[in-house]
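To keep things clear, I will list the structure first and then write my remarks on it.
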Amino acid sequence: MHELGTWILVNTRCQYTRLCENRLLFVDLWSFHHLWSGAVLYALLHRLRPRARWTALLTLLLAYEILELLFIFLAFHAFRPETLKDQLTDIAVGMLGALICEGLARGCRRLERRRVGQGRRALRHITAALAAATVAFLWVVGYQYRYNVEVLNSHGLNWWAFSCWSIGLVVNLEIYGALRRAGRQPAASLLCTWGIHLAGLLVVEYAGYHLLGIREVGHTERRALLADVVHGTRGLFAFYLTAPVTGVACHRLLDRTFRAALGSVPADAQPVEETASLPVTAAGLG
């Protein structure tokens with residue numbers, strides 16, 4: 001267990017990058033996890049409809065902080081020791097995620113009452129953006145991009161790569177959704193979107209590598225995926241090629257969870273059409 005804790009700590013150390021700190025708050029990249037988990041937990045609790053879902057959410061967030069302390073106490077070293085300020089901030093950020101979730105749900109309900117279909121459309125875009133940010137965040141944090149152009153680098157999370165992946169996911173959601181609304185089957189829509197992704201990937205990577213001279217230099221073992229385009233590790237190739245499945249699964253899960261849990265708007269006749277897809281352009285310019 002000690003080795004497991006050390007492995008977790010080594011592979012998550014960049015997420016301890018501080019974003020804001022004062023006498024009351026301590027915000028780092030882990031705060032994004034707490035914001036996300038607060039929103040999703042609230043949606044699940046809303047679906048289960050406990051009488052005191054806010055109390056239940058607060059209890060779960062407190063239990064997680066206690067679990068972190070137990071891991072540290074048992075010398076698993078999976079997390080760095082936190083101060084009381086850190087822990088209170090984590091709980092507050094989790095509750096903030098729930099408040100945002102509730103606010104968006106009410107907004108979707110109002111839109112749907114004013115005009116049928118508007119609430120469904122808004123919720124689809126919201127969950128698509130959340131899915132895109134989730135996939136992009138986990139990938140970029142895990143891969144640790146670093147470019148030879150210093151302005152494209154940032155400590156902890158590479159915001160350039162994160163932004164490109166997030167935008168690509170959102171753009172391709174519209175492509176996939178349009179194909180589904182046009183009557184194409186899910187598999188055909190996904191295959192078509194995957195083809196668009198590969199074409200866009202090759203164009204963007206070629207332009208970045210050969211025309212602009214942008215290189216990803218954070219990994220020594222790099223090779224070209226195809227025709228001196230898309231340079232990176234085997235892990236990068238695997239993610240780029242499986243991004244369609246990852247994007248679809250993440251958005252489908254989040255969209256159904258929020259739609260059914262919050263009761264924001266009725267389910268669509270064809271819920272599959274609101275499934276996300278992969279990015280047209282990839283952030284990792286080889």
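The chains in the structure tokens are called A, B, ... from first to last as shown; in each chain the residues are counted from 1, and the ligands are counted from 1 in the order shown.
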Let's see if you can do this: from backbone DSSP, list all strand (DSSP E) residues in stretch 17-264 of chain A, as a PyMOL selection string. chain A and resi 18-21+26-28+223-226+229-232
Export C-alpha atoms of the chosen residues as an mmCIF file, in the first residue's frame?
data_model
loop_
_atom_site.group_PDB
_atom_site.id
_atom_site.type_symbol
_atom_site.label_atom_id
_atom_site.label_comp_id
_atom_site.auth_asym_id
_atom_site.auth_seq_id
_atom_site.Cartn_x
_atom_site.Cartn_y
_atom_site.Cartn_z
ATOM 1 C CA ARG A 18 -1.399 26.780 -6.132
ATOM 2 C CA LEU A 19 -3.766 29.119 -7.938
ATOM 3 C CA CYS A 20 -4.874 31.330 -5.046
ATOM 4 C CA GLU A 21 -4.005 31.500 -1.359
ATOM 5 C CA PHE A 26 -6.336 27.721 -0.595
ATOM 6 C CA VAL A 27 -7.131 26.952 -4.232
ATOM 7 C CA ASP A 28 -5.050 24.571 -6.349
ATOM 8 C CA ARG A 223 7.815 9.362 -32.696
ATOM 9 C CA ALA A 224 5.531 10.295 -35.579
ATOM 10 C CA LEU A 225 2.165 8.612 -35.846
ATOM 11 C CA LEU A 226 1.877 9.023 -39.609
ATOM 12 C CA VAL A 229 2.822 14.189 -38.330
ATOM 13 C CA VAL A 230 1.487 13.874 -34.747
ATOM 14 C CA HIS A 231 4.643 13.422 -32.710
ATOM 15 C CA GLY A 232 4.417 11.916 -29.254
#
Show which residues sit within 10 Å of A:Thr134, as a VMD selection string. Count only C-alpha atoms, and ignore same-chain residues fewer than 6 positions away. chain A and resid 32 to 33 36 128 162 166 247 250 to 251
Put those residues in a file: C-alpha atoms, as a tab-separated table (two decimals), in the first residue's frame.
chain	number	residue	atom	x	y	z
A	32	PHE	CA	-11.38	21.59	-9.96
A	33	HIS	CA	-11.93	17.99	-8.86
A	36	TRP	CA	-16.78	18.77	-10.41
A	128	ALA	CA	-21.12	18.82	-23.43
A	162	PHE	CA	-6.41	22.18	-22.15
A	166	SER	CA	-11.92	21.52	-24.68
A	247	GLY	CA	-15.79	11.70	-25.40
A	250	CYS	CA	-18.24	10.83	-20.78
A	251	HIS	CA	-20.91	13.07	-22.26
Give me the residues within 12 Å of A:Tyr209 as a PyMOL selection string, counting only C-alpha atoms and dropping any in the same chain fewer than 4 places off. chain A and resi 147-149+201-205+213-217+224+228-232+284-286
With a distance cut-off of 8 Å and only C-alpha atoms, select the neighbouring residues of A:Cys101, excluding the residue or stretch itself and same-chain residues fewer than 4 positions from it, and output the selection as a PyMOL selection string. chain A and resi 39+42-43+97+105
Those selected residues, please, written with C-alpha atoms and delivered as a PDB file, in the first residue's frame.
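Writing done, so here's again-v3.pdb:
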ATOM      1  CA  ALA A  39     -21.894  19.171  -8.904  1.00  0.00           C
ATOM      2  CA  TYR A  42     -25.557  16.834  -5.960  1.00  0.00           C
ATOM      3  CA  ALA A  43     -27.122  15.658  -9.217  1.00  0.00           C
ATOM      4  CA  GLY A  97     -20.280  23.077  -7.483  1.00  0.00           C
ATOM      5  CA  ALA A 105     -31.002  23.263 -13.529  1.00  0.00           C
TER       6      ALA A 105
END
Using DSSP assignments from the backbone, pull out every residue in stretch 52-161 of chain A that falls under alpha helix (DSSP H) and give it to me as a short mmCIF file (atom, residue, chain, number, x, y, z; two decimals) with C-alpha atoms, in the first residue's frame.
data_model
loop_
_atom_site.label_atom_id
_atom_site.label_comp_id
_atom_site.auth_asym_id
_atom_site.auth_seq_id
_atom_site.Cartn_x
_atom_site.Cartn_y
_atom_site.Cartn_z
CA ARG A 53 -29.78 16.35 0.01
CA TRP A 54 -27.68 19.38 1.03
CA THR A 55 -26.94 17.77 4.37
CA ALA A 56 -26.14 14.50 2.64
CA LEU A 57 -23.76 16.28 0.25
CA LEU A 58 -21.99 18.06 3.09
CA THR A 59 -21.62 14.74 4.91
CA LEU A 60 -20.07 13.10 1.85
CA LEU A 61 -17.61 15.95 1.36
CA LEU A 62 -16.60 15.81 5.03
CA ALA A 63 -16.20 12.03 4.78
CA TYR A 64 -13.83 12.43 1.83
CA GLU A 65 -11.63 14.84 3.76
CA ILE A 66 -11.53 12.42 6.68
CA LEU A 67 -10.59 9.62 4.28
CA GLU A 68 -7.68 11.70 3.00
CA LEU A 69 -6.46 12.16 6.57
CA LEU A 70 -6.70 8.40 7.15
CA PHE A 71 -4.58 7.71 4.09
CA ILE A 72 -1.94 10.09 5.37
CA PHE A 73 -2.14 8.73 8.93
CA LEU A 84 -7.51 23.03 8.05
CA LYS A 85 -7.72 25.91 5.58
CA ASP A 86 -7.16 23.53 2.67
CA GLN A 87 -9.83 21.15 3.86
CA LEU A 88 -12.41 23.87 4.48
CA THR A 89 -11.74 25.29 1.02
CA ASP A 90 -12.24 21.85 -0.55
CA ILE A 91 -15.61 21.51 1.16
CA ALA A 92 -16.64 25.03 0.20
CA VAL A 93 -15.67 24.46 -3.43
CA GLY A 94 -17.66 21.21 -3.48
CA MET A 95 -20.73 23.01 -2.16
CA LEU A 96 -20.17 25.73 -4.77
CA GLY A 97 -20.28 23.08 -7.48
CA ALA A 98 -23.65 21.96 -6.13
CA LEU A 99 -24.95 25.54 -6.11
CA ILE A 100 -23.87 26.01 -9.73
CA CYS A 101 -25.55 22.73 -10.63
CA GLU A 102 -28.81 23.80 -8.99
CA GLY A 103 -28.68 27.21 -10.65
CA LEU A 104 -28.17 25.73 -14.11
CA ALA A 105 -31.00 23.26 -13.53
CA ARG A 106 -33.41 26.05 -12.63
CA GLY A 107 -32.34 28.02 -15.68
CA CYS A 108 -33.00 25.04 -17.94
CA ARG A 109 -36.43 24.54 -16.40
CA ARG A 110 -37.34 28.18 -17.02
CA LEU A 111 -36.18 27.98 -20.63
CA GLU A 112 -38.21 24.84 -21.23
CA ARG A 113 -41.35 26.42 -19.80
CA ARG A 114 -40.97 29.45 -22.04
CA GLN A 118 -34.82 25.37 -25.49
CA GLY A 119 -34.17 23.84 -22.08
CA ARG A 120 -33.13 20.53 -23.62
CA ARG A 121 -30.78 22.31 -26.00
CA ALA A 122 -29.23 24.36 -23.21
CA LEU A 123 -28.71 21.29 -21.03
CA ARG A 124 -27.09 19.45 -23.92
CA HIS A 125 -24.57 22.26 -24.39
CA ILE A 126 -23.88 22.52 -20.67
CA THR A 127 -23.18 18.82 -20.23
CA ALA A 128 -21.12 18.82 -23.43
CA ALA A 129 -18.93 21.61 -22.08
CA LEU A 130 -18.59 19.76 -18.77
CA ALA A 131 -17.67 16.51 -20.52
CA ALA A 132 -15.17 18.30 -22.75
CA ALA A 133 -13.50 20.00 -19.80
CA THR A 134 -13.42 16.74 -17.84
CA VAL A 135 -11.75 14.72 -20.59
CA ALA A 136 -9.37 17.55 -21.47
CA PHE A 137 -8.37 18.16 -17.85
CA LEU A 138 -7.63 14.52 -17.06
CA TRP A 139 -5.68 13.99 -20.27
CA VAL A 140 -3.62 17.19 -20.16
CA VAL A 141 -2.78 16.85 -16.47
CA GLY A 142 -1.78 13.24 -17.00
CA TYR A 143 0.33 13.81 -20.12
CA TRP A 159 -3.74 25.86 -20.30
CA TRP A 160 -3.00 26.01 -24.03
CA ALA A 161 -3.41 22.26 -24.50
#
Identify which of the residues A:Leu35, A:Asn158, A:Gly200, A:Arg47 lies closest to A:Thr257, counting only C-alpha atoms when measuring atom-to-atom distances.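 With only C-alpha atoms as the atom set, the closest residue is A:Arg47.
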Could you name the residues that touch A:Leu179 at 9 Å or less, counting only C-alpha atoms, but leaving out those on the same chain fewer than 5 positions away, as a PyMOL selection string? chain A and resi 174+184-186+188-190+192-193+273
Selected residues written out with N, CA and C atoms, as a PDB file, in the first residue's frame:
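Dumped to again-v2.pdb:
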ATOM      1  N   GLU A 174     -21.219  19.419 -31.832  1.00  0.00           N
ATOM      2  CA  GLU A 174     -22.192  19.961 -32.779  1.00  0.00           C
ATOM      3  C   GLU A 174     -22.204  19.146 -34.071  1.00  0.00           C
ATOM      4  N   ARG A 184     -28.760   9.832 -39.077  1.00  0.00           N
ATOM      5  CA  ARG A 184     -27.718   8.810 -39.138  1.00  0.00           C
ATOM      6  C   ARG A 184     -27.701   7.982 -37.848  1.00  0.00           C
ATOM      7  N   GLN A 185     -27.312   6.725 -37.988  1.00  0.00           N
ATOM      8  CA  GLN A 185     -27.204   5.850 -36.837  1.00  0.00           C
ATOM      9  C   GLN A 185     -26.009   6.257 -35.965  1.00  0.00           C
ATOM     10  N   PRO A 186     -26.030   5.915 -34.668  1.00  0.00           N
ATOM     11  CA  PRO A 186     -24.925   6.295 -33.782  1.00  0.00           C
ATOM     12  C   PRO A 186     -23.562   5.850 -34.284  1.00  0.00           C
ATOM     13  N   ALA A 188     -22.575   5.108 -37.345  1.00  0.00           N
ATOM     14  CA  ALA A 188     -22.193   5.845 -38.549  1.00  0.00           C
ATOM     15  C   ALA A 188     -21.801   7.278 -38.206  1.00  0.00           C
ATOM     16  N   SER A 189     -22.543   7.896 -37.285  1.00  0.00           N
ATOM     17  CA  SER A 189     -22.231   9.263 -36.873  1.00  0.00           C
ATOM     18  C   SER A 189     -20.873   9.331 -36.193  1.00  0.00           C
ATOM     19  N   LEU A 190     -20.604   8.351 -35.340  1.00  0.00           N
ATOM     20  CA  LEU A 190     -19.330   8.331 -34.639  1.00  0.00           C
ATOM     21  C   LEU A 190     -18.178   8.091 -35.604  1.00  0.00           C
ATOM     22  N   CYS A 192     -18.084   8.834 -38.807  1.00  0.00           N
ATOM     23  CA  CYS A 192     -17.907  10.034 -39.613  1.00  0.00           C
ATOM     24  C   CYS A 192     -17.182  11.114 -38.807  1.00  0.00           C
ATOM     25  N   THR A 193     -17.568  11.277 -37.554  1.00  0.00           N
ATOM     26  CA  THR A 193     -16.927  12.273 -36.701  1.00  0.00           C
ATOM     27  C   THR A 193     -15.475  11.898 -36.453  1.00  0.00           C
ATOM     28  N   GLU A 273     -28.679  11.361 -29.610  1.00  0.00           N
ATOM     29  CA  GLU A 273     -28.167  12.421 -30.455  1.00  0.00           C
ATOM     30  C   GLU A 273     -27.412  13.477 -29.669  1.00  0.00           C
TER      31      GLU A 273
END
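Using only C-alpha atoms, the shortest contact distance between A:Leu241 and any of A:Gly168, A:Gly38, A:Gly177, A:Gly195 is found at A:Gly195.
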One number please: atom CA of A:Val40 to atom CA of A:Phe258, in Å, one decimal.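 Separating atom CA of A:Val40 from atom CA of A:Phe258 is a distance of 7.8 Å.
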Do you have the atom CA of A:Ala187-atom CA of A:Pro244 distance handy?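 These two atoms are separated by 11.0 Å.
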